>>> print(open('input-v5.txt').read())   # compact mmCIF, C-alpha atoms and all ligand atoms
# COMPACT_ATOMS: atom_id res chain seq x y z
CA MET A 751 84.99 102.69 79.73
CA LYS A 752 88.49 101.60 80.75
CA PHE A 753 91.04 100.08 78.39
CA ASN A 754 90.61 96.36 79.10
CA THR A 755 86.84 96.63 78.72
CA LYS A 756 87.30 98.58 75.48
CA THR A 757 89.39 95.83 73.90
CA ILE A 758 86.33 93.57 74.24
CA HIS A 759 83.36 95.93 73.94
CA GLY A 760 84.66 99.23 72.50
CA ASN A 761 82.22 100.45 69.79
CA GLN A 762 80.90 96.88 69.40
CA LYS A 763 77.33 95.65 69.46
CA PRO A 764 75.72 92.30 68.61
CA ASP A 765 74.99 91.82 64.91
CA GLU A 766 71.59 93.17 63.95
CA ALA A 767 70.44 90.18 61.88
CA TYR A 768 70.52 87.38 64.50
CA GLY A 769 72.27 88.87 67.52
CA ALA A 770 75.59 87.13 66.81
CA VAL A 771 77.98 88.26 69.53
CA MET A 772 80.92 88.25 67.12
CA PRO A 773 80.28 90.01 63.81
CA PRO A 774 79.77 87.52 60.99
CA ILE A 775 82.42 87.32 58.30
CA TYR A 776 80.55 89.21 55.60
CA GLN A 777 82.29 87.52 52.70
CA THR A 778 80.62 89.59 50.03
CA SER A 779 81.77 92.12 47.47
CA THR A 780 78.42 93.83 46.98
CA TYR A 781 75.03 94.52 48.61
CA ALA A 782 71.48 94.35 47.22
CA GLN A 783 69.80 97.72 46.66
CA SER A 784 66.02 98.19 46.59
CA THR A 785 66.31 101.15 44.21
CA PRO A 786 69.51 102.79 42.89
CA GLY A 787 71.18 104.19 46.01
CA GLY A 788 68.66 102.41 48.27
CA HIS A 789 71.05 100.37 50.43
CA LYS A 790 71.56 99.72 54.11
CA GLY A 791 74.82 101.65 54.44
CA PHE A 792 76.96 99.29 52.39
CA GLU A 793 77.38 99.41 48.62
CA TYR A 794 80.64 97.78 47.65
CA SER A 795 83.25 96.11 49.86
CA ARG A 796 86.26 98.18 48.78
CA THR A 797 84.43 101.17 50.23
CA HIS A 798 82.83 99.48 53.26
CA ASN A 799 82.30 96.02 54.67
CA PRO A 800 80.43 95.32 57.92
CA THR A 801 83.11 93.00 59.33
CA ARG A 802 85.85 95.50 58.50
CA LYS A 803 83.72 98.30 59.96
CA ALA A 804 83.37 96.42 63.27
CA LEU A 805 87.16 96.07 63.39
CA GLU A 806 87.78 99.71 62.42
CA ASP A 807 85.42 100.85 65.18
CA ALA A 808 87.22 98.62 67.69
CA MET A 809 90.58 100.05 66.65
CA ALA A 810 89.29 103.61 67.02
CA SER A 811 88.06 102.76 70.51
CA ILE A 812 91.27 101.25 71.89
CA GLU A 813 93.41 104.11 70.52
CA ASN A 814 91.03 106.77 71.92
CA GLY A 815 90.38 108.02 68.40
CA ASN A 816 87.16 108.65 66.52
CA TYR A 817 87.87 106.99 63.18
CA GLY A 818 89.62 103.72 62.30
CA LEU A 819 90.76 102.55 58.87
CA ALA A 820 92.01 99.04 58.14
CA PHE A 821 94.34 98.18 55.26
CA GLY A 822 95.79 95.08 53.62
CA SER A 823 99.13 95.55 55.42
CA GLY A 824 100.98 97.99 57.66
CA LEU A 825 102.82 99.32 54.65
CA ALA A 826 99.53 99.89 52.79
CA ALA A 827 98.42 102.00 55.77
CA ILE A 828 101.66 104.04 55.65
CA ASP A 829 101.28 104.38 51.88
CA ALA A 830 97.84 105.92 52.42
CA VAL A 831 99.24 108.50 54.86
CA LEU A 832 102.00 109.52 52.42
CA LYS A 833 99.34 110.05 49.74
CA LEU A 834 98.13 113.05 51.76
CA LEU A 835 101.26 114.78 50.40
CA LYS A 836 102.20 116.40 47.08
CA PRO A 837 105.46 116.72 45.15
CA GLY A 838 107.73 119.21 46.89
CA ASP A 839 106.49 118.32 50.37
CA GLU A 840 108.98 117.22 53.01
CA VAL A 841 108.79 114.62 55.75
CA ILE A 842 110.85 114.37 58.92
CA SER A 843 111.28 110.83 60.12
CA THR A 844 113.28 108.80 62.62
CA ASN A 845 116.53 107.29 61.36
CA ASP A 846 116.03 104.05 63.27
CA LEU A 847 112.97 103.05 61.30
CA TYR A 848 111.30 99.78 60.30
CA GLY A 849 113.15 98.72 57.15
CA GLY A 850 110.02 98.46 54.99
CA THR A 851 108.93 101.97 55.96
CA TYR A 852 112.38 103.29 55.05
CA ARG A 853 112.20 101.50 51.69
CA LEU A 854 108.71 102.87 50.95
CA PHE A 855 109.85 106.42 51.76
CA ASN A 856 113.24 106.25 50.12
CA GLN A 857 112.60 104.13 47.05
CA ILE A 858 108.96 104.82 46.19
CA PHE A 859 107.77 108.20 47.48
CA SER A 860 111.10 109.91 46.88
CA ASN A 861 110.50 109.20 43.16
CA PHE A 862 107.31 111.25 43.39
CA GLY A 863 109.11 114.38 44.54
CA ILE A 864 108.71 113.98 48.29
CA LYS A 865 111.80 114.69 50.35
CA PHE A 866 112.68 112.81 53.53
CA HIS A 867 114.91 113.76 56.47
CA PHE A 868 115.91 110.76 58.60
CA ILE A 869 117.08 112.06 61.97
CA GLY A 870 117.70 110.95 65.57
CA MET A 871 114.86 112.82 67.33
CA GLY A 872 116.81 112.47 70.58
CA THR A 873 116.08 116.12 71.24
CA VAL A 874 113.41 118.46 70.01
CA GLU A 875 116.10 120.73 68.47
CA ASP A 876 116.99 117.92 66.05
CA ILE A 877 113.50 118.23 64.60
CA SER A 878 113.22 122.03 64.62
CA SER A 879 116.38 122.40 62.58
CA CYS A 880 114.87 120.35 59.71
CA ILE A 881 111.58 122.23 59.51
CA ASN A 882 111.04 124.56 56.54
CA PRO A 883 107.93 125.83 54.72
CA ASN A 884 107.71 122.59 52.70
CA THR A 885 107.59 120.34 55.77
CA LYS A 886 104.20 118.69 56.08
CA LEU A 887 104.55 115.48 58.07
CA ILE A 888 106.54 114.11 61.00
CA TRP A 889 106.74 110.32 61.09
CA VAL A 890 107.68 108.79 64.43
CA GLU A 891 108.23 105.21 65.47
CA THR A 892 108.62 104.55 69.22
CA PRO A 893 110.01 102.34 70.62
CA THR A 894 112.22 102.30 67.55
CA ASN A 895 113.01 99.13 65.71
CA PRO A 896 115.31 97.42 66.55
CA MET A 897 117.27 99.73 68.89
CA MET A 898 114.40 100.41 71.32
CA ASN A 899 115.01 104.14 71.51
CA ILE A 900 112.09 106.07 72.93
CA ILE A 901 110.90 109.29 71.35
CA ASP A 902 108.96 111.80 73.41
CA ILE A 903 105.63 111.91 71.54
CA GLU A 904 104.26 114.82 73.56
CA ALA A 905 107.34 116.96 72.91
CA VAL A 906 107.28 116.18 69.18
CA SER A 907 103.55 116.93 69.02
CA LYS A 908 104.16 120.41 70.46
CA ILE A 909 106.54 121.20 67.59
CA ALA A 910 104.16 119.67 65.07
CA LYS A 911 101.29 121.86 66.32
CA GLN A 912 103.47 124.95 66.40
CA HIS A 913 104.31 124.50 62.70
CA GLN A 914 100.95 122.99 61.69
CA LEU A 915 102.48 119.69 60.67
CA ILE A 916 100.75 116.32 60.75
CA LEU A 917 102.27 114.01 63.35
CA ALA A 918 101.92 110.28 62.63
CA VAL A 919 103.10 107.67 65.12
CA ASP A 920 103.77 104.03 64.25
CA ASN A 921 102.43 102.39 67.41
CA THR A 922 103.10 98.79 66.30
CA PHE A 923 105.67 97.99 69.01
CA ALA A 924 103.90 99.59 71.95
CA THR A 925 100.23 98.97 71.10
CA PRO A 926 97.54 101.09 72.78
CA TYR A 927 97.94 98.88 75.87
CA LEU A 928 101.27 100.60 76.52
CA GLN A 929 100.84 104.04 74.94
CA ARG A 930 98.15 106.03 73.20
CA PRO A 931 99.74 108.58 70.86
CA LEU A 932 96.50 110.45 70.09
CA ASP A 933 96.22 111.30 73.79
CA LEU A 934 99.77 112.65 73.62
CA GLY A 935 98.94 114.98 70.71
CA ALA A 936 99.57 112.86 67.59
CA ASP A 937 97.20 113.26 64.64
CA ILE A 938 97.48 109.75 63.19
CA VAL A 939 98.27 106.42 64.81
CA MET A 940 99.47 103.68 62.50
CA HIS A 941 99.69 99.95 63.16
CA SER A 942 101.04 96.92 61.53
CA ALA A 943 98.11 94.89 62.90
CA THR A 944 100.07 91.89 61.68
CA LYS A 945 101.97 92.10 64.97
CA TYR A 946 100.45 92.55 68.46
CA LEU A 947 96.89 93.56 67.48
CA GLY A 948 96.39 90.34 65.49
CA GLY A 949 98.71 88.67 67.95
CA HIS A 950 98.70 85.13 66.54
CA SER A 951 100.97 85.39 63.47
CA ASP A 952 98.13 84.40 61.16
CA VAL A 953 97.26 87.59 59.32
CA VAL A 954 98.89 90.58 57.57
CA MET A 955 97.06 93.86 58.12
CA GLY A 956 97.53 97.57 58.70
CA ALA A 957 95.51 100.26 60.44
CA LEU A 958 95.20 103.99 60.96
CA VAL A 959 93.30 105.76 63.72
CA VAL A 960 92.61 109.50 63.84
CA LYS A 961 90.58 111.94 65.92
CA GLU A 962 89.81 114.71 63.43
CA LYS A 963 87.00 114.27 60.93
CA LEU A 964 88.68 116.33 58.21
CA LEU A 965 91.78 114.18 58.29
CA ALA A 966 89.70 110.99 58.53
CA ASP A 967 87.71 112.00 55.45
CA LYS A 968 90.90 112.54 53.44
CA LEU A 969 92.22 109.15 54.51
CA TYR A 970 88.91 107.37 53.80
CA PHE A 971 89.00 108.92 50.35
CA ILE A 972 92.52 107.55 49.79
CA GLN A 973 91.58 104.14 51.26
CA ASN A 974 88.70 103.83 48.82
CA ALA A 975 90.42 105.50 45.85
CA SER A 976 93.68 103.51 46.12
CA GLY A 977 91.92 100.39 47.37
CA ALA A 978 94.52 98.74 49.62
CA ILE A 979 91.88 97.31 51.95
CA CYS A 980 91.86 94.08 53.95
CA GLY A 981 89.31 91.30 53.56
CA PRO A 982 86.46 90.32 55.91
CA MET A 983 88.11 87.09 57.14
CA ASP A 984 91.27 88.96 58.14
CA SER A 985 89.16 91.67 59.76
CA PHE A 986 87.43 89.02 61.86
CA LEU A 987 90.76 87.52 62.95
CA VAL A 988 92.24 90.84 64.06
CA LEU A 989 89.03 91.81 65.87
CA ARG A 990 89.29 88.52 67.75
CA GLY A 991 92.96 89.24 68.48
CA ILE A 992 92.18 92.66 69.94
CA LYS A 993 89.84 91.10 72.51
CA THR A 994 92.81 89.52 74.28
CA LEU A 995 95.34 92.28 73.61
CA HIS A 996 95.50 93.40 77.25
CA VAL A 997 96.08 89.93 78.72
CA ARG A 998 98.65 89.06 76.07
CA MET A 999 100.48 92.37 76.50
CA GLN A 1000 100.61 91.99 80.26
CA ARG A 1001 102.38 88.64 79.83
CA HIS A 1002 104.62 89.93 77.00
CA CYS A 1003 105.78 92.65 79.41
CA GLU A 1004 106.38 90.26 82.32
CA ASN A 1005 108.30 87.80 80.16
CA GLY A 1006 110.14 90.64 78.43
CA ARG A 1007 111.38 91.97 81.76
CA ALA A 1008 112.58 88.53 82.89
CA VAL A 1009 114.41 87.87 79.61
CA ALA A 1010 115.98 91.35 79.53
CA GLU A 1011 117.22 90.95 83.10
CA TYR A 1012 118.58 87.48 82.36
CA LEU A 1013 120.50 88.74 79.31
CA ALA A 1014 121.82 91.80 81.17
CA GLY A 1015 123.29 89.51 83.82
CA HIS A 1016 124.95 87.15 81.34
CA SER A 1017 128.75 87.34 81.16
CA LYS A 1018 128.85 86.96 77.38
CA ILE A 1019 126.45 89.81 76.66
CA GLU A 1020 127.80 93.22 75.74
CA ASN A 1021 124.58 95.21 75.51
CA VAL A 1022 120.86 94.71 76.00
CA TYR A 1023 118.46 97.25 74.50
CA TRP A 1024 115.22 97.39 76.48
CA PRO A 1025 113.57 100.63 77.67
CA GLY A 1026 112.70 99.18 81.10
CA PHE A 1027 116.29 99.43 82.35
CA GLU A 1028 116.97 102.45 84.53
CA HIS A 1029 120.22 103.01 82.63
CA HIS A 1030 118.42 103.05 79.27
CA PRO A 1031 119.04 106.57 77.91
CA ASN A 1032 115.31 107.24 77.41
CA HIS A 1033 114.03 105.38 80.47
CA GLU A 1034 112.41 108.49 81.98
CA ILE A 1035 110.43 109.22 78.81
CA ALA A 1036 109.43 105.56 78.55
CA LYS A 1037 108.19 105.61 82.14
CA ARG A 1038 106.15 108.72 81.46
CA GLN A 1039 104.55 107.79 78.17
CA MET A 1040 104.26 103.99 78.45
CA LYS A 1041 102.38 101.84 80.94
CA ASP A 1042 105.08 99.15 80.87
CA PHE A 1043 108.08 98.32 78.66
CA GLY A 1044 106.96 95.57 76.30
CA GLY A 1045 108.43 92.33 75.08
CA MET A 1046 110.77 93.58 72.35
CA ILE A 1047 114.45 93.28 73.20
CA SER A 1048 117.64 93.55 71.17
CA PHE A 1049 121.08 92.44 72.30
CA VAL A 1050 124.69 92.04 71.19
CA THR A 1051 127.09 89.42 72.51
CA LYS A 1052 130.70 90.36 73.32
CA ASP A 1053 133.29 90.34 70.51
CA SER A 1054 130.82 88.77 68.16
CA SER A 1055 130.57 88.78 64.41
CA PHE A 1056 127.83 88.24 61.87
CA LYS A 1057 128.60 84.50 62.02
CA ASP A 1058 128.40 84.32 65.85
CA ALA A 1059 125.00 85.99 65.84
CA ILE A 1060 123.70 83.61 63.19
CA LYS A 1061 125.00 80.65 65.20
CA ILE A 1062 123.14 81.74 68.34
CA ILE A 1063 119.91 82.31 66.43
CA GLU A 1064 120.15 78.96 64.67
CA SER A 1065 120.70 77.19 68.02
CA LEU A 1066 117.46 78.46 69.54
CA LYS A 1067 114.75 75.82 69.88
CA VAL A 1068 111.79 77.48 71.60
CA PHE A 1069 112.35 80.85 69.90
CA THR A 1070 111.59 80.52 66.18
CA LEU A 1071 113.92 82.18 63.72
CA ALA A 1072 111.53 84.33 61.71
CA GLU A 1073 110.66 87.79 60.48
CA SER A 1074 107.87 89.60 62.31
CA LEU A 1075 106.98 90.02 65.99
CA GLY A 1076 104.13 90.41 68.40
CA GLY A 1077 102.64 86.92 68.20
CA VAL A 1078 102.02 84.62 71.14
CA GLU A 1079 105.12 82.62 70.19
CA SER A 1080 108.66 83.91 70.81
CA LEU A 1081 110.62 84.86 67.71
CA ALA A 1082 114.26 85.73 67.15
CA GLY A 1083 115.58 87.71 64.22
CA HIS A 1084 118.78 89.12 62.80
CA PRO A 1085 117.93 92.70 61.74
CA ALA A 1086 121.07 93.24 59.61
CA SER A 1087 120.20 90.40 57.26
CA MET A 1088 116.42 90.28 57.71
CA THR A 1089 114.14 93.20 58.59
CA HIS A 1090 116.80 95.86 57.95
CA ALA A 1091 118.59 94.35 54.96
CA SER A 1092 117.10 97.04 52.71
CA ILE A 1093 118.93 99.77 54.68
CA PRO A 1094 122.55 100.30 53.51
CA LYS A 1095 125.12 98.88 55.99
CA GLU A 1096 126.60 102.31 56.68
CA GLU A 1097 123.18 103.85 57.46
CA ARG A 1098 122.26 100.84 59.55
CA GLU A 1099 125.39 100.87 61.68
CA LYS A 1100 125.06 104.59 62.36
CA SER A 1101 121.93 103.82 64.34
CA GLY A 1102 123.44 100.76 66.05
CA VAL A 1103 122.12 97.96 63.83
CA VAL A 1104 125.44 96.13 63.74
CA ASP A 1105 125.96 92.67 62.24
CA ALA A 1106 125.99 91.03 65.69
CA LEU A 1107 122.64 92.47 66.81
CA ILE A 1108 119.89 89.96 67.62
CA ARG A 1109 116.27 90.99 68.12
CA LEU A 1110 113.79 89.04 70.24
CA SER A 1111 110.03 89.22 70.25
CA VAL A 1112 109.36 87.63 73.62
CA GLY A 1113 106.15 85.61 73.50
CA ILE A 1114 103.81 84.43 76.23
CA GLU A 1115 105.20 80.94 76.87
CA ASP A 1116 106.53 79.93 80.31
CA VAL A 1117 109.44 82.27 80.77
CA GLU A 1118 111.63 79.55 82.35
CA ASP A 1119 111.57 77.74 78.98
CA LEU A 1120 112.56 80.90 77.15
CA ILE A 1121 115.47 81.60 79.48
CA GLU A 1122 116.61 77.97 79.33
CA ASP A 1123 116.57 78.20 75.53
CA LEU A 1124 118.67 81.40 75.53
CA LYS A 1125 121.08 79.79 78.02
CA GLN A 1126 121.79 76.80 75.79
CA ALA A 1127 122.07 78.92 72.62
CA ILE A 1128 124.37 81.63 74.01
CA GLY A 1129 126.38 79.15 76.07
C1 LIG A 1201 105.91 95.06 60.42
C2 LIG A 1201 105.99 96.53 60.63
C3 LIG A 1201 105.53 97.43 59.66
C4 LIG A 1201 104.98 96.97 58.33
O1 LIG A 1201 103.80 96.28 58.47
P1 LIG A 1201 103.31 95.09 57.49
O2 LIG A 1201 102.05 94.64 58.11
O3 LIG A 1201 104.39 94.07 57.47
O4 LIG A 1201 103.13 95.72 56.15
C5 LIG A 1201 105.62 98.79 59.95
N1 LIG A 1201 106.13 99.23 61.11
C6 LIG A 1201 106.60 98.39 62.05
C7 LIG A 1201 107.16 98.94 63.31
C8 LIG A 1201 106.55 97.02 61.85
O5 LIG A 1201 107.03 96.20 62.78
>>> encode(input="input-v5.txt", output="C-alpha cells", more="lines below")
Ligand SMILES: *Cc1c(COP(=O)(O)O)cnc(C)c1O
Amino acid sequence: MKFNTKTIHGNQKPDEAYGAVMPPIYQTSTYAQSTPGGHKGFEYSRTHNPTRKALEDAMASIENGNYGLAFGSGLAAIDAVLKLLKPGDEVISTNDLYGGTYRLFNQIFSNFGIKFHFIGMGTVEDISSCINPNTKLIWVETPTNPMMNIIDIEAVSKIAKQHQLILAVDNTFATPYLQRPLDLGADIVMHSATKYLGGHSDVVMGALVVKEKLLADKLYFIQNASGAICGPMDSFLVLRGIKTLHVRMQRHCENGRAVAEYLAGHSKIENVYWPGFEHHPNHEIAKRQMKDFGGMISFVTKDSSFKDAIKIIESLKVFTLAESLGGVESLAGHPASMTHASIPKEEREKSGVVDALIRLSVGIEDVEDLIEDLKQAIG
C-alpha cells in the first residue's frame, strides 16, 4: 500500500459492532468482563481503548513502523522515551531543539541523574566525540526548530547502530509525508500530533512509533505505568486529521515554497531559513531524505531589533500570532519570546535564534492572500 492510501486505510477496518466506517469514540473507562479476565481485549482505558488503538495502528502504518503509542501531548511522549533510561545514562541531542524538549531534558530529567550533550550534529564527528560507555540515546529533531537545519538521519543511525544506542527522531516538522525516520534507521519516531498530524489546531497529543517489539513492549509498559495517555475524543480527532495529511502537506509545501521565495526576494529581508533553497547549507541532505521541503520558514529582516520583529508580527492579519504550527491556518511566532523563551538568550543566539527572528507556519489558504499579508506587514 502506498503512502496516500495508508493515511486513509492503513491498519484500519470498519468497527465490528455495526460496521461504522470511522471508529466510534469509545468514551468509556472500563469494559464488562464475563468472568475475571474474560474480556474482549480491553480492560481499562489507561491500558487500552479501541478508539486510541485505531489511531495508534494508523500512526504505525504511516510511519512504516509496527507499533504506535499515543500520549496526552508531545512532551508526554518524549517523557516516556526518557524513562527508558537510568541515572548515570547520557543523551546526545541537537542544540537547536524545541524549547519544551530542552526544558524537559535540562530541568526535569537532569535532576534524575541523566546527562545531556546539546550539539550541532552538522557532521557525524560531532556526535562520535560525545559518545562514551554511558551514552544510551541520541535525540534528533529535523528540520530543527526554528532554524530549519537538516540532520542526516541515515548517517546518525549508522553511528547509533555501531555503538548500540537508541536513535529517536522528532518527526513533528516533517511528518511521514516528507520523511520516514524508521526507514532511515531510527528506532523511535516521535510526534507532537498537536501539529500536522492533527492538523486543525484543535487537539494536543503526542505519539511514538517503533519497529522492534522489545522496544515497543518497554514503551507500552511505561505508557501504562506512567499513564500519560490521550482520551478517545482526541484520538478520534487525530485519526480524522491523518486521513487528509497528504493533501494538506502537499499544499503546505506549495505555499511554503511560494512564501519562502517571496521573502528571499524582498529588499528588507536579511535571511530566510527554508531547506528548499539550493543555497541552504543542508539542501542536499534535505533533497535526499525528504520528499519536499515543508511549510515551516523562519526569517530575519535587515537591521532589525526585538521591537521591529514584534511590530511585523502584530501587523499581520491573515497570519495569526500564536504558539504552535502545522494547522490549516497560517501562524506567525516570535521564537525568542515564545517557543524558545525557556532557553537562555546566550544558548539561543548561539544557534541563530536572535531577537529579530520570526517563524512562520504556512497554512493552506490561498497563497496570494498570505503574500499580500506579509507585504503589508513588512512594508
Ligand atoms: C510542539 C512540539 C513538541 C511538543 O509537543 P506538545 O504536543 O506541545 O507537547 C515537541 N517537538 C516539536 C518539534 C514541537 O513542535
>>> residues_near_ligand(input="input-v5.txt", ligand="ligand LIG 1201 (chain A)", cutoff="7 Å", atoms="all atoms listed in the file", output="list of chain:residue names")
A:Ser823, A:Gly824, A:Leu825, A:Ala826, A:Tyr848, A:Gly850, A:Thr851, A:Glu891, A:Asn895, A:Asp920, A:Thr922, A:Phe923, A:His941, A:Ser942, A:Ala943, A:Thr944, A:Lys945, A:Val954, A:Met955, A:Gly956, A:Ser1074, A:Leu1075
>>> residues_around(input="input-v5.txt", residues="A:Ala782", least_positions_apart="4", cutoff="12 Å", atoms="all atoms listed in the file", output="list in words")
Thr778, Pro786, Gly787, Gly788, His789, Lys790, Gly791, Phe792, Glu793 and Tyr794 of chain A
>>> closest_residue(input="input-v5.txt", among="A:Gln777, A:Ser843, A:Thr797, A:Thr755", to="A:Asn974", atoms="all atoms listed in the file")
A:Thr797
>>> residues_near_point(input="input-v5.txt", point="(106.7, 104.8, 79.8)", cutoff="10 Å", atoms="all atoms listed in the file", output="count of residues only")
20
>>> atom_distance(input="input-v5.txt", atom1="atom CA of A:Ser860", atom2="atom CA of A:Lys836")
11.0 Å
>>> residues_near_point(input="input-v5.txt", point="(91.8, 91.5, 54.6)", cutoff="9 Å", atoms="all atoms listed in the file", output="ChimeraX atom specification")
/A:802,820-823,953-955,979-986
>>> atom_distance(input="input-v5.txt", atom1="atom CA of A:Lys908", atom2="atom CA of A:Gly935")
7.5 Å
>>> axis_aligned_box(input="input-v5.txt", around="stretch 975-984 of chain A", padding_each_side="3 Å", output="lines of an AutoDock Vina configuration file")
center_x = 90.5
center_y = 96.3
center_z = 52.0
size_x = 14.1
size_y = 24.4
size_z = 18.3
>>> atom_distance(input="input-v5.txt", atom1="atom CA of A:Ala1008", atom2="atom CA of A:Ser1087")
26.8 Å
>>> residues_around(input="input-v5.txt", residues="A:Ala1014", least_positions_apart="6", cutoff="12 Å", atoms="all atoms listed in the file", output="list of chain:residue names")
A:Arg1007, A:Ala1008, A:Glu1020, A:Asn1021, A:Val1022, A:Tyr1023, A:Trp1024, A:Gly1026, A:Phe1027, A:His1029, A:His1030, A:Ile1047, A:Ser1048, A:Phe1049, A:Val1050, A:Thr1051, A:Lys1052
>>> write_last_selection(input="input-v5.txt", atoms="C-alpha atoms", output="short mmCIF file (atom, residue, chain, number, x, y, z; two decimals), keeping the file's coordinate frame")
data_model
loop_
_atom_site.label_atom_id
_atom_site.label_comp_id
_atom_site.auth_asym_id
_atom_site.auth_seq_id
_atom_site.Cartn_x
_atom_site.Cartn_y
_atom_site.Cartn_z
CA ARG A 1007 111.38 91.97 81.76
CA ALA A 1008 112.58 88.53 82.89
CA GLU A 1020 127.80 93.22 75.74
CA ASN A 1021 124.58 95.21 75.51
CA VAL A 1022 120.86 94.71 76.00
CA TYR A 1023 118.46 97.25 74.50
CA TRP A 1024 115.22 97.39 76.48
CA GLY A 1026 112.70 99.18 81.10
CA PHE A 1027 116.29 99.43 82.35
CA HIS A 1029 120.22 103.01 82.63
CA HIS A 1030 118.42 103.05 79.27
CA ILE A 1047 114.45 93.28 73.20
CA SER A 1048 117.64 93.55 71.17
CA PHE A 1049 121.08 92.44 72.30
CA VAL A 1050 124.69 92.04 71.19
CA THR A 1051 127.09 89.42 72.51
CA LYS A 1052 130.70 90.36 73.32
#
>>> residues_around(input="input-v5.txt", residues="A:Ala1082", least_positions_apart="4", cutoff="7 Å", atoms="only C-alpha atoms", output="number ranges by chain")
A: 1063, 1069-1072, 1109-1111
>>> residues_around(input="input-v5.txt", residues="A:Leu832", least_positions_apart="5", cutoff="9 Å", atoms="all atoms listed in the file", output="ChimeraX atom specification")
/A:827,855,859,887
>>> closest_residue(input="input-v5.txt", among="A:Pro774, A:Pro837, A:Gly849, A:Pro764", to="A:Ser1092", atoms="only C-alpha atoms")
A:Gly849
>>> residues_around(input="input-v5.txt", residues="A:Ser1055", least_positions_apart="3", cutoff="7 Å", atoms="only C-alpha atoms", output="mmCIF file with C-alpha atoms, in the frame of the given file")
data_model
loop_
_atom_site.group_PDB
_atom_site.id
_atom_site.type_symbol
_atom_site.label_atom_id
_atom_site.label_comp_id
_atom_site.auth_asym_id
_atom_site.auth_seq_id
_atom_site.Cartn_x
_atom_site.Cartn_y
_atom_site.Cartn_z
ATOM 1 C CA ASP A 1058 128.400 84.320 65.850
ATOM 2 C CA ALA A 1059 125.000 85.990 65.840
ATOM 3 C CA ASP A 1105 125.960 92.670 62.240
ATOM 4 C CA ALA A 1106 125.990 91.030 65.690
#
>>> closest_residue(input="input-v5.txt", among="A:Met940, A:Val1009, A:Ile1019, A:Ile1060", to="A:Asp1123", atoms="all atoms listed in the file")
A:Val1009
>>> closest_residue(input="input-v5.txt", among="A:Gly818, A:Pro893, A:Gly1045, A:Pro800", to="A:Asp967", atoms="all atoms listed in the file")
A:Gly818
>>> closest_residue(input="input-v5.txt", among="A:Leu934, A:Leu1120, A:Ala770, A:Val939", to="A:Ala905", atoms="all atoms listed in the file")
A:Leu934
>>> decode(input="input-v5.txt", residues="stretch 867-878 of chain A", atoms="N, CA and C atoms", output="compact mmCIF listing (two decimals), in the first residue's frame")
# COMPACT_ATOMS: atom_id res chain seq x y z
N HIS A 867 24.06 16.12 26.30
CA HIS A 867 25.00 16.89 25.47
C HIS A 867 24.18 17.51 24.35
N PHE A 868 24.15 18.84 24.28
CA PHE A 868 23.42 19.51 23.20
C PHE A 868 24.44 19.97 22.16
N ILE A 869 24.41 19.36 20.98
CA ILE A 869 25.45 19.64 19.99
C ILE A 869 24.84 19.94 18.62
N GLY A 870 25.71 20.39 17.70
CA GLY A 870 25.26 20.81 16.37
C GLY A 870 24.79 19.69 15.46
N MET A 871 25.45 18.57 15.47
CA MET A 871 25.16 17.42 14.59
C MET A 871 25.28 17.77 13.11
N GLY A 872 26.08 18.81 12.83
CA GLY A 872 26.34 19.17 11.43
C GLY A 872 27.15 18.09 10.76
N THR A 873 28.06 17.48 11.51
CA THR A 873 28.83 16.36 10.98
C THR A 873 28.74 15.20 11.96
N VAL A 874 29.01 14.05 11.44
CA VAL A 874 28.94 12.82 12.22
C VAL A 874 30.00 12.83 13.32
N GLU A 875 31.15 13.49 13.05
CA GLU A 875 32.24 13.55 14.05
C GLU A 875 31.77 14.26 15.32
N ASP A 876 30.88 15.27 15.15
CA ASP A 876 30.36 15.99 16.32
C ASP A 876 29.74 14.99 17.30
N ILE A 877 29.06 14.01 16.75
CA ILE A 877 28.36 13.03 17.60
C ILE A 877 29.36 12.05 18.20
N SER A 878 30.22 11.51 17.36
CA SER A 878 31.18 10.49 17.82
C SER A 878 31.98 10.97 19.01
